[in-house]
file target.txt (compact mmCIF, C-alpha atoms)
# COMPACT_ATOMS: atom_id res chain seq x y z
CA MET O 1 105.67 221.51 -12.09
CA ILE O 2 102.51 220.30 -10.38
CA ILE O 3 102.67 217.70 -7.63
CA ALA O 4 99.64 215.46 -7.20
CA MET O 5 98.17 215.42 -3.70
CA PRO O 6 95.97 212.73 -2.12
CA LEU O 7 92.34 213.30 -3.10
CA SER O 8 90.02 214.37 -0.31
CA ALA O 9 86.43 215.58 -0.28
CA GLU O 10 87.43 218.84 1.38
CA THR O 11 90.09 219.92 -1.09
CA PHE O 12 88.07 218.71 -4.07
CA ALA O 13 84.82 220.40 -3.00
CA PRO O 14 85.19 223.50 -5.24
CA TYR O 15 85.38 221.21 -8.28
CA GLY O 16 83.14 218.29 -7.55
CA ASP O 17 82.35 215.34 -5.32
CA VAL O 18 84.48 212.45 -4.19
CA ILE O 19 82.54 209.20 -4.55
CA ALA O 20 83.70 207.04 -1.67
CA ALA O 21 82.42 205.12 1.32
CA VAL O 22 83.75 206.98 4.31
CA LYS O 23 82.54 206.72 7.89
CA ASP O 24 79.48 204.52 8.45
CA PRO O 25 76.67 203.98 5.93
CA ASP O 26 73.94 206.62 5.94
CA PHE O 27 71.41 203.86 6.44
CA TYR O 28 70.85 200.14 5.91
CA ILE O 29 68.53 198.53 3.39
CA ASN O 30 67.47 194.94 2.63
CA ALA O 31 66.71 194.00 6.22
CA GLY O 32 70.09 195.22 7.36
CA LYS O 33 72.10 193.24 4.80
CA CYS O 34 73.27 196.27 2.82
CA GLY O 35 74.78 199.56 3.94
CA ARG O 36 73.93 202.51 1.70
CA PHE O 37 76.16 205.56 1.36
CA HIS O 38 73.46 207.83 0.06
CA ASP O 39 73.37 210.61 -2.52
CA LEU O 40 77.08 211.29 -2.86
CA ALA O 41 77.07 213.54 -5.90
CA ASN O 42 75.69 216.89 -6.97
CA THR O 43 74.39 215.68 -10.31
CA ASP O 44 73.05 218.09 -12.94
CA PHE O 45 72.12 216.91 -16.41
CA GLY O 46 70.24 220.04 -17.44
CA THR O 47 68.22 219.51 -20.58
CA GLY O 48 69.76 216.10 -21.23
CA LYS O 49 69.33 212.72 -19.63
CA ALA O 50 71.50 210.99 -17.05
CA GLY O 51 73.35 208.48 -19.19
CA ILE O 52 75.28 205.45 -18.02
CA SER O 53 78.35 204.44 -20.02
CA LEU O 54 81.57 202.53 -19.58
CA ALA O 55 85.08 203.66 -20.49
CA HIS O 56 88.27 201.70 -20.95
CA GLY O 57 91.14 204.10 -20.43
CA THR O 58 94.74 203.67 -21.54
CA PRO O 59 97.48 204.67 -19.07
CA TYR O 60 99.61 207.76 -19.53
CA ALA O 61 103.37 207.95 -19.13
CA LEU O 62 104.70 209.57 -15.96
CA PRO O 63 105.57 212.25 -15.16
CA LEU O 64 102.48 213.35 -17.04
CA SER O 65 102.76 216.04 -19.68
CA LEU O 66 99.45 217.86 -19.22
CA THR O 67 98.68 219.40 -22.57
CA MET O 68 95.04 220.40 -22.17
CA ILE O 69 91.97 220.66 -19.97
CA GLU O 70 88.31 220.53 -20.87
CA ARG O 71 84.89 221.19 -19.41
CA HIS O 72 81.28 220.28 -20.01
CA PRO O 73 79.06 223.36 -19.74
CA LEU O 74 75.79 221.41 -19.90
CA GLY O 75 76.19 218.73 -17.25
CA SER O 76 78.06 217.01 -14.46
CA GLN O 77 80.26 214.00 -15.18
CA MET O 78 81.10 211.11 -12.88
CA PHE O 79 83.90 208.55 -13.21
CA MET O 80 83.97 205.52 -10.93
CA PRO O 81 86.85 203.04 -11.30
CA LEU O 82 85.80 199.40 -11.55
CA ASN O 83 89.03 198.11 -10.06
CA ASP O 84 91.12 199.23 -7.11
CA ALA O 85 93.87 201.11 -8.95
CA PRO O 86 94.49 204.80 -8.18
CA PHE O 87 94.09 207.27 -11.05
CA LEU O 88 95.06 210.88 -11.58
CA VAL O 89 92.51 213.69 -11.26
CA VAL O 90 93.34 217.15 -12.63
CA VAL O 91 91.10 220.19 -12.16
CA SER O 92 91.53 223.90 -12.70
CA ASP O 93 89.96 227.20 -11.74
CA GLY O 94 90.14 228.24 -15.38
CA PRO O 95 92.21 228.18 -18.54
CA GLU O 96 94.71 230.72 -17.22
CA ALA O 97 95.09 229.17 -13.76
CA THR O 98 97.65 226.59 -12.76
CA PRO O 99 95.83 223.25 -12.61
CA ARG O 100 95.64 221.16 -9.44
CA ALA O 101 96.33 217.45 -9.41
CA PHE O 102 95.07 214.73 -7.09
CA ILE O 103 95.72 211.03 -6.82
CA THR O 104 92.90 208.73 -5.73
CA ASP O 105 93.32 206.02 -3.11
CA GLY O 106 91.95 203.17 -5.23
CA THR O 107 88.42 203.29 -3.83
CA GLN O 108 87.51 206.83 -4.85
CA GLY O 109 85.61 208.07 -7.87
CA VAL O 110 84.92 211.67 -8.82
CA ASN O 111 81.93 213.67 -9.99
CA TYR O 112 82.94 216.86 -11.77
CA HIS O 113 80.37 219.56 -11.28
CA LYS O 114 78.85 221.12 -14.36
CA GLY O 115 81.32 223.47 -15.99
CA THR O 116 84.39 222.41 -13.99
CA TRP O 117 87.63 222.50 -15.96
CA HIS O 118 89.34 219.13 -15.69
CA GLY O 119 91.89 216.86 -17.29
CA VAL O 120 90.97 213.82 -19.31
CA LEU O 121 90.56 210.41 -17.73
CA THR O 122 94.09 209.44 -16.64
CA PRO O 123 94.77 205.84 -15.61
CA LEU O 124 98.28 205.03 -14.45
CA ASN O 125 100.45 202.00 -15.15
CA ALA O 126 97.71 199.83 -16.67
CA PRO O 127 94.43 200.06 -18.61
CA GLN O 128 91.50 200.76 -16.32
CA PRO O 129 87.73 200.39 -16.63
CA PHE O 130 85.36 203.08 -15.38
CA LEU O 131 81.65 203.63 -15.08
CA ILE O 132 80.57 207.05 -16.35
CA VAL O 133 77.40 208.92 -15.43
CA ASP O 134 77.09 212.04 -17.54
CA ARG O 135 74.74 214.09 -19.64
CA ILE O 136 73.56 212.65 -22.92
CA GLY O 137 71.62 215.01 -25.14
CA GLU O 138 71.69 217.68 -27.79
CA GLY O 139 73.97 220.69 -27.73
CA ASN O 140 77.71 221.35 -27.56
CA ASN O 141 78.80 220.00 -24.20
CA LEU O 142 82.58 220.12 -24.71
CA GLU O 143 85.03 223.00 -24.42
CA GLU O 144 88.75 222.34 -24.69
CA HIS O 145 91.73 224.50 -23.74
CA PHE O 146 95.21 223.62 -24.96
CA PHE O 147 98.17 225.01 -23.03
CA LYS O 148 100.92 226.85 -24.91
CA THR O 149 103.40 224.99 -22.72
CA PRO O 150 102.35 221.68 -21.16
CA PHE O 151 102.48 221.35 -17.38
CA GLN O 152 104.49 218.51 -15.89
CA VAL O 153 102.54 216.60 -13.26
CA ASN O 154 104.49 214.50 -10.78
CA ILE O 155 102.99 211.85 -8.54
CA PRO O 156 105.05 211.18 -5.42
CA ASN O 157 105.97 207.50 -5.06
CA ALA O 158 104.53 206.65 -8.48
CA MET L 44 63.55 175.38 -7.40
CA ILE L 45 65.00 178.08 -9.60
CA ILE L 46 68.34 177.58 -11.33
CA ALA L 47 70.39 180.69 -12.05
CA MET L 48 71.44 181.11 -15.67
CA PRO L 49 74.32 183.19 -17.03
CA LEU L 50 73.22 186.80 -17.46
CA SER L 51 72.93 188.03 -21.03
CA ALA L 52 71.55 191.21 -22.53
CA GLU L 53 69.07 189.28 -24.63
CA THR L 54 67.45 187.27 -21.86
CA PHE L 55 67.51 190.22 -19.47
CA ALA L 56 66.00 192.71 -21.94
CA PRO L 57 62.40 192.47 -20.66
CA TYR L 58 63.59 193.52 -17.21
CA GLY L 59 66.44 195.92 -17.76
CA ASP L 60 69.88 196.54 -19.20
CA VAL L 61 73.13 194.67 -18.73
CA ILE L 62 75.94 197.16 -18.11
CA ALA L 63 78.98 195.60 -19.74
CA ALA L 64 81.64 196.28 -22.32
CA VAL L 65 80.93 193.89 -25.13
CA LYS L 66 82.25 194.05 -28.67
CA ASP L 67 84.28 197.16 -29.55
CA PRO L 68 83.80 200.61 -28.01
CA ASP L 69 81.11 202.76 -29.64
CA PHE L 70 83.71 205.47 -30.12
CA TYR L 71 87.01 206.74 -28.76
CA ILE L 72 87.57 209.93 -26.77
CA ASN L 73 90.63 211.73 -25.42
CA ALA L 74 92.60 211.60 -28.65
CA GLY L 75 92.05 207.88 -28.94
CA LYS L 76 93.27 207.02 -25.44
CA CYS L 77 89.86 205.97 -24.13
CA GLY L 78 87.20 203.69 -25.57
CA ARG L 79 83.66 204.63 -24.65
CA PHE L 80 80.80 202.11 -24.47
CA HIS L 81 78.06 204.66 -24.79
CA ASP L 82 74.60 205.02 -23.26
CA LEU L 83 74.12 201.49 -21.96
CA ALA L 84 71.01 202.00 -19.84
CA ASN L 85 67.42 203.03 -20.27
CA THR L 86 67.39 205.41 -17.32
CA ASP L 87 64.19 207.00 -16.05
CA PHE L 88 64.14 209.06 -12.88
CA GLY L 89 60.72 210.58 -13.41
CA THR L 90 60.07 213.48 -11.08
CA GLY L 91 63.19 212.77 -9.02
CA LYS L 92 66.87 213.29 -9.67
CA ALA L 93 69.47 210.80 -10.81
CA GLY L 94 71.30 210.08 -7.59
CA ILE L 95 74.67 208.42 -7.18
CA SER L 96 75.21 206.26 -4.11
CA LEU L 97 77.39 203.39 -2.94
CA ALA L 98 76.29 200.16 -1.32
CA HIS L 99 78.21 197.59 0.66
CA GLY L 100 76.32 194.33 0.42
CA THR L 101 76.61 191.31 2.70
CA PRO L 102 76.66 187.86 1.07
CA TYR L 103 73.73 185.46 1.28
CA ALA L 104 73.94 181.76 2.05
CA LEU L 105 73.52 179.35 -0.85
CA PRO L 106 71.29 177.86 -2.05
CA LEU L 107 69.43 181.13 -1.64
CA SER L 108 66.07 181.15 0.08
CA LEU L 109 64.27 183.84 -1.90
CA THR L 110 61.70 185.27 0.46
CA MET L 111 60.62 188.44 -1.34
CA ILE L 112 60.87 190.67 -4.37
CA GLU L 113 60.44 194.42 -4.70
CA ARG L 114 60.03 197.12 -7.29
CA HIS L 115 60.45 200.84 -7.64
CA PRO L 116 57.47 202.36 -9.46
CA LEU L 117 59.03 205.82 -9.80
CA GLY L 118 62.43 205.14 -11.32
CA SER L 119 65.08 202.88 -12.77
CA GLN L 120 67.85 201.49 -10.57
CA MET L 121 71.38 200.54 -11.57
CA PHE L 122 73.88 198.41 -9.67
CA MET L 123 77.48 198.19 -10.83
CA PRO L 124 79.92 196.00 -8.89
CA LEU L 125 83.21 197.67 -7.98
CA ASN L 126 85.13 194.42 -7.95
CA ASP L 127 85.15 191.41 -10.26
CA ALA L 128 82.98 189.02 -8.27
CA PRO L 129 79.78 187.61 -9.79
CA PHE L 130 76.52 188.39 -8.02
CA LEU L 131 73.00 187.02 -8.25
CA VAL L 132 70.26 188.87 -10.13
CA VAL L 133 66.61 187.90 -9.60
CA VAL L 134 63.73 189.37 -11.60
CA SER L 135 60.09 188.51 -12.02
CA ASP L 136 57.16 189.18 -14.32
CA GLY L 137 55.03 189.86 -11.27
CA PRO L 138 54.23 188.80 -7.71
CA GLU L 139 52.42 185.65 -8.84
CA ALA L 140 55.02 184.56 -11.41
CA THR L 141 57.97 182.30 -10.78
CA PRO L 142 61.05 184.53 -10.55
CA ARG L 143 64.00 184.16 -12.89
CA ALA L 144 67.58 184.12 -11.64
CA PHE L 145 70.79 185.10 -13.39
CA ILE L 146 74.42 185.03 -12.37
CA THR L 147 76.74 187.77 -13.61
CA ASP L 148 80.17 187.09 -15.09
CA GLY L 149 82.08 189.45 -12.80
CA THR L 150 82.17 192.37 -15.23
CA GLN L 151 78.44 192.94 -15.59
CA GLY L 152 76.16 195.37 -13.81
CA VAL L 153 72.40 195.69 -14.19
CA ASN L 154 69.93 198.51 -14.64
CA TYR L 155 66.42 197.53 -13.61
CA HIS L 156 63.85 199.38 -15.64
CA LYS L 157 61.28 201.43 -13.76
CA GLY L 158 58.73 199.16 -12.16
CA THR L 159 60.58 195.86 -12.69
CA TRP L 160 60.09 193.34 -9.90
CA HIS L 161 63.49 192.21 -8.67
CA GLY L 162 65.30 190.62 -5.76
CA VAL L 163 67.47 192.57 -3.37
CA LEU L 164 71.17 193.07 -3.97
CA THR L 165 72.68 189.60 -3.56
CA PRO L 166 76.45 189.26 -3.26
CA LEU L 167 77.83 185.75 -2.97
CA ASN L 168 80.61 184.41 -0.80
CA ALA L 169 82.01 187.78 0.33
CA PRO L 170 80.94 191.37 0.97
CA GLN L 171 80.79 193.38 -2.24
CA PRO L 172 80.79 197.10 -3.05
CA PHE L 173 78.47 198.54 -5.69
CA LEU L 174 77.78 201.88 -7.31
CA ILE L 175 74.06 202.68 -7.45
CA VAL L 176 72.37 205.12 -9.82
CA ASP L 177 68.73 205.49 -8.88
CA ARG L 178 65.97 207.97 -8.31
CA ILE L 179 66.19 210.23 -5.31
CA GLY L 180 63.11 212.30 -4.60
CA GLU L 181 59.74 212.55 -2.93
CA GLY L 182 57.06 209.86 -3.11
CA ASN L 183 56.77 206.16 -2.24
CA ASN L 184 59.20 204.41 -4.56
CA LEU L 185 59.21 200.97 -2.93
CA GLU L 186 56.73 198.10 -3.23
CA GLU L 187 57.55 194.76 -1.61
CA HIS L 188 56.01 191.33 -2.12
CA PHE L 189 56.70 188.52 0.34
CA PHE L 190 56.20 184.94 -0.86
CA LYS L 191 54.08 182.58 1.19
CA THR L 192 56.68 179.91 0.52
CA PRO L 193 60.25 181.02 -0.28
CA PHE L 194 61.77 179.88 -3.57
CA GLN L 195 65.07 178.05 -3.49
CA VAL L 196 67.57 179.47 -5.94
CA ASN L 197 70.49 177.29 -6.98
CA ILE L 198 73.61 178.52 -8.74
CA PRO L 199 75.37 175.79 -10.72
CA ASN L 200 79.03 175.47 -9.71
CA ALA L 201 78.63 177.92 -6.84
call {"tool": "encode", "arguments": {"input": "target.txt", "output": "structure tokens"}}
result
Amino acid sequence: MIIAMPLSAETFAPYGDVIAAVKDPDFYINAGKCGRFHDLANTDFGTGKAGISLAHGTPYALPLSLTMIERHPLGSQMFMPLNDAPFLVVVSDGPEATPRAFITDGTQGVNYHKGTWHGVLTPLNAPQPFLIVDRIGEGNNLEEHFFKTPFQVNIPNA
Amino acid sequence: MIIAMPLSAETFAPYGDVIAAVKDPDFYINAGKCGRFHDLANTDFGTGKAGISLAHGTPYALPLSLTMIERHPLGSQMFMPLNDAPFLVVVSDGPEATPRAFITDGTQGVNYHKGTWHGVLTPLNAPQPFLIVDRIGEGNNLEEHFFKTPFQVNIPNA
């Protein structure tokens, strides 16, 4: 059984970036009217282009039965929620490792670094819209690994 | 006086892309659990990288006194609201033209094409968080034009 932990930049660093406004803005633009939290993600789109897409995800039943993970060898992939609902983030050090699970705080998005094994987009309780920034281009950018036995992922208080 | 019109992909096309989920998803991913609205923006980051940032914008008083417009000659720039509040979008065919104003429907974001003259990020009524995808890199990527006489921008029903 895997227990989801609160997502933080420090614990997530080996896998990607947390997209969130923490501390003060890096600087202000527009004559001081707008605080900018600058350059939050290690993006890498390789030979493709940085594409902008939307996703409408369907919620998963809890506790989650984690049946597979996937990775994108050719580019990074960012998911930013367009509402304030937490969602589940699963990453792994590899197909044979035990995955790690994180729960966002409702303001956080994630940018998976190129090649990071991760679970699919996992809204909870209700459908959820996301903005995606990922690589669009030629080549096979998807590897999937299906577990022989699914992992159960529990979210405390969910 | 400029009157803001509802934002639509068709009227905005000369200036950029409307980031919104209209019609059905282009395709489904994650074993059908997630609808993807694919490749919604004409992104161009030139010699820079596609950077991901956040912005917290302060609202402007209405009717808006539009004092200036700006453009980024080296890259496209996308703003996606992270809540469901409409915001004001101003674009122009050039420094000497009369700007055009649009009001979003609360689900829409915009991607200004490279070099498009536009107004600054303009939340209404309350502070608003946005995700930004724009060019990060060397070079002067900002041109500003200040009007001799500000334009008044009215938003019907706002």
call {"tool": "atom_distance", "arguments": {"input": "target.txt", "atom1": "CA of Met121 in chain L", "atom2": "CA of His156 in chain L"}}
result
8.6 Å
call {"tool": "atom_distance", "arguments": {"input": "target.txt", "atom1": "CA of Ser108 in chain L", "atom2": "CA of Ala21 in chain O"}}
result
29.0 Å
call {"tool": "residues_around", "arguments": {"input": "target.txt", "residues": "range 90-107 of chain L", "least_positions_apart": "5", "cutoff": "6 Å", "atoms": "only C-alpha atoms", "output": "list in words"}}
result
Lys33, Cys34, Gly35, Arg36, Phe37, His38, Asp39, Leu40 and Ala41 of chain O; Pro166, Leu167, Asn168, Ala169, Pro170, Gln171, Pro172, Phe173, Leu174, Ile175, Val176, Asp177, Arg178, Ile179, Gly180, Gln195, Val196 and Asn197 of chain L
call {"tool": "residues_around", "arguments": {"input": "target.txt", "residues": "His161 in chain L", "least_positions_apart": "2", "cutoff": "6 Å", "atoms": "all atoms listed in the file", "output": "PyMOL selection string"}}
result
chain L and resi 112-113+133-134
call {"tool": "atom_distance", "arguments": {"input": "target.txt", "atom1": "CA of Arg100 in chain O", "atom2": "CA of Gly75 in chain L"}}
result
23.9 Å
call {"tool": "closest_residue", "arguments": {"input": "target.txt", "among": "O:Gly94, O:Pro99, O:Pro25, O:Pro150", "to": "chain L", "atoms": "only C-alpha atoms"}}
result
O:Pro25
call {"tool": "residues_near_point", "arguments": {"input": "target.txt", "point": "(74.5, 178.4, -8.9)", "cutoff": "8 Å", "atoms": "only C-alpha atoms", "output": "count of residues only"}}
result
11
call {"tool": "closest_residue", "arguments": {"input": "target.txt", "among": "L:Leu125, L:Val153, L:Leu50, L:Leu164", "to": "chain O", "atoms": "all atoms listed in the file"}}
result
L:Leu125
call {"tool": "residues_near_point", "arguments": {"input": "target.txt", "point": "(92.6, 225.5, -20.1)", "cutoff": "9 Å", "atoms": "all atoms listed in the file", "output": "list in words"}}
result
Thr67, Met68, Ile69, Glu70, Arg71, Ser92, Asp93, Gly94, Pro95, Glu96, Ala97, Thr98, Pro99, Trp117, His118, Glu144, His145, Phe146 and Phe147 of chain O
call {"tool": "closest_residue", "arguments": {"input": "target.txt", "among": "L:Thr86, L:Leu185, L:Ala63, L:Ser119", "to": "Gly149 in chain L", "atoms": "only C-alpha atoms"}}
result
L:Ala63
call {"tool": "closest_residue", "arguments": {"input": "target.txt", "among": "O:Ile29, O:Thr122, O:Gly46, O:Tyr112", "to": "Pro81 in chain O", "atoms": "only C-alpha atoms"}}
result
O:Thr122
call {"tool": "closest_residue", "arguments": {"input": "target.txt", "among": "O:His72, O:Asn111, O:Phe102, O:Pro86", "to": "chain L", "atoms": "only C-alpha atoms"}}
result
O:Asn111
call {"tool": "closest_residue", "arguments": {"input": "target.txt", "among": "L:Gly118, L:Asn183, L:Leu109, L:Ile62", "to": "chain O", "atoms": "all atoms listed in the file"}}
result
L:Ile62
call {"tool": "build_atoms", "arguments": {"input": "target.txt", "residues": "range 144-168 of chain L", "atoms": "N, CA, C and O atoms", "output": "short mmCIF file (atom, residue, chain, number, x, y, z; two decimals), keeping the file's coordinate frame"}}
result
data_model
loop_
_atom_site.label_atom_id
_atom_site.label_comp_id
_atom_site.auth_asym_id
_atom_site.auth_seq_id
_atom_site.Cartn_x
_atom_site.Cartn_y
_atom_site.Cartn_z
N ALA L 144 66.30 183.79 -12.30
CA ALA L 144 67.58 184.12 -11.64
C ALA L 144 68.71 184.06 -12.66
O ALA L 144 68.75 183.18 -13.53
N PHE L 145 69.62 185.01 -12.52
CA PHE L 145 70.79 185.10 -13.39
C PHE L 145 72.03 185.31 -12.54
O PHE L 145 71.99 185.94 -11.48
N ILE L 146 73.14 184.81 -13.04
CA ILE L 146 74.42 185.03 -12.37
C ILE L 146 75.30 185.85 -13.32
O ILE L 146 75.38 185.56 -14.52
N THR L 147 75.89 186.91 -12.79
CA THR L 147 76.74 187.77 -13.61
C THR L 147 78.11 187.12 -13.81
O THR L 147 78.48 186.16 -13.12
N ASP L 148 78.86 187.67 -14.76
CA ASP L 148 80.17 187.09 -15.09
C ASP L 148 81.33 187.81 -14.40
O ASP L 148 82.49 187.52 -14.67
N GLY L 149 81.03 188.74 -13.51
CA GLY L 149 82.08 189.45 -12.80
C GLY L 149 82.39 190.81 -13.39
O GLY L 149 83.00 191.65 -12.72
N THR L 150 81.99 191.03 -14.63
CA THR L 150 82.17 192.37 -15.23
C THR L 150 80.83 193.09 -15.39
O THR L 150 80.82 194.28 -15.64
N GLN L 151 79.75 192.37 -15.25
CA GLN L 151 78.44 192.94 -15.59
C GLN L 151 77.76 193.64 -14.41
O GLN L 151 77.80 193.16 -13.28
N GLY L 152 77.11 194.74 -14.71
CA GLY L 152 76.16 195.37 -13.81
C GLY L 152 74.78 195.27 -14.42
O GLY L 152 74.61 194.78 -15.54
N VAL L 153 73.78 195.71 -13.67
CA VAL L 153 72.40 195.69 -14.19
C VAL L 153 71.71 197.01 -13.91
O VAL L 153 71.97 197.67 -12.91
N ASN L 154 70.83 197.38 -14.84
CA ASN L 154 69.93 198.51 -14.64
C ASN L 154 68.49 198.00 -14.74
O ASN L 154 68.04 197.63 -15.83
N TYR L 155 67.82 197.95 -13.60
CA TYR L 155 66.42 197.53 -13.61
C TYR L 155 65.58 198.67 -14.16
O TYR L 155 65.66 199.80 -13.67
N HIS L 156 64.75 198.37 -15.13
CA HIS L 156 63.85 199.38 -15.64
C HIS L 156 62.82 199.76 -14.57
O HIS L 156 62.52 198.97 -13.67
N LYS L 157 62.30 200.94 -14.70
CA LYS L 157 61.28 201.43 -13.76
C LYS L 157 60.15 200.42 -13.63
O LYS L 157 59.60 199.96 -14.64
N GLY L 158 59.85 200.04 -12.41
CA GLY L 158 58.73 199.16 -12.16
C GLY L 158 59.01 197.67 -12.25
O GLY L 158 58.11 196.86 -12.00
N THR L 159 60.23 197.28 -12.59
CA THR L 159 60.58 195.86 -12.69
C THR L 159 60.66 195.22 -11.31
O THR L 159 61.36 195.72 -10.42
N TRP L 160 59.96 194.12 -11.14
CA TRP L 160 60.09 193.34 -9.90
C TRP L 160 61.45 192.66 -9.88
O TRP L 160 61.87 192.04 -10.86
N HIS L 161 62.13 192.76 -8.77
CA HIS L 161 63.49 192.21 -8.67
C HIS L 161 63.80 191.84 -7.23
O HIS L 161 63.15 192.30 -6.29
N GLY L 162 64.81 190.98 -7.09
CA GLY L 162 65.30 190.62 -5.76
C GLY L 162 66.23 191.69 -5.23
O GLY L 162 66.68 192.58 -5.97
N VAL L 163 66.53 191.61 -3.96
CA VAL L 163 67.47 192.57 -3.37
C VAL L 163 68.89 192.25 -3.82
O VAL L 163 69.18 191.18 -4.37
N LEU L 164 69.76 193.21 -3.59
CA LEU L 164 71.17 193.07 -3.97
C LEU L 164 71.75 191.83 -3.28
O LEU L 164 71.68 191.70 -2.07
N THR L 165 72.30 190.91 -4.09
CA THR L 165 72.68 189.60 -3.56
C THR L 165 74.11 189.23 -3.90
O THR L 165 74.38 188.54 -4.89
N PRO L 166 75.07 189.73 -3.10
CA PRO L 166 76.45 189.26 -3.26
C PRO L 166 76.56 187.79 -2.83
O PRO L 166 75.71 187.29 -2.08
N LEU L 167 77.59 187.15 -3.30
CA LEU L 167 77.83 185.75 -2.97
C LEU L 167 79.22 185.61 -2.36
O LEU L 167 80.17 186.26 -2.79
N ASN L 168 79.32 184.81 -1.36
CA ASN L 168 80.61 184.41 -0.80
C ASN L 168 81.34 185.48 0.00
O ASN L 168 82.01 185.16 0.98
#
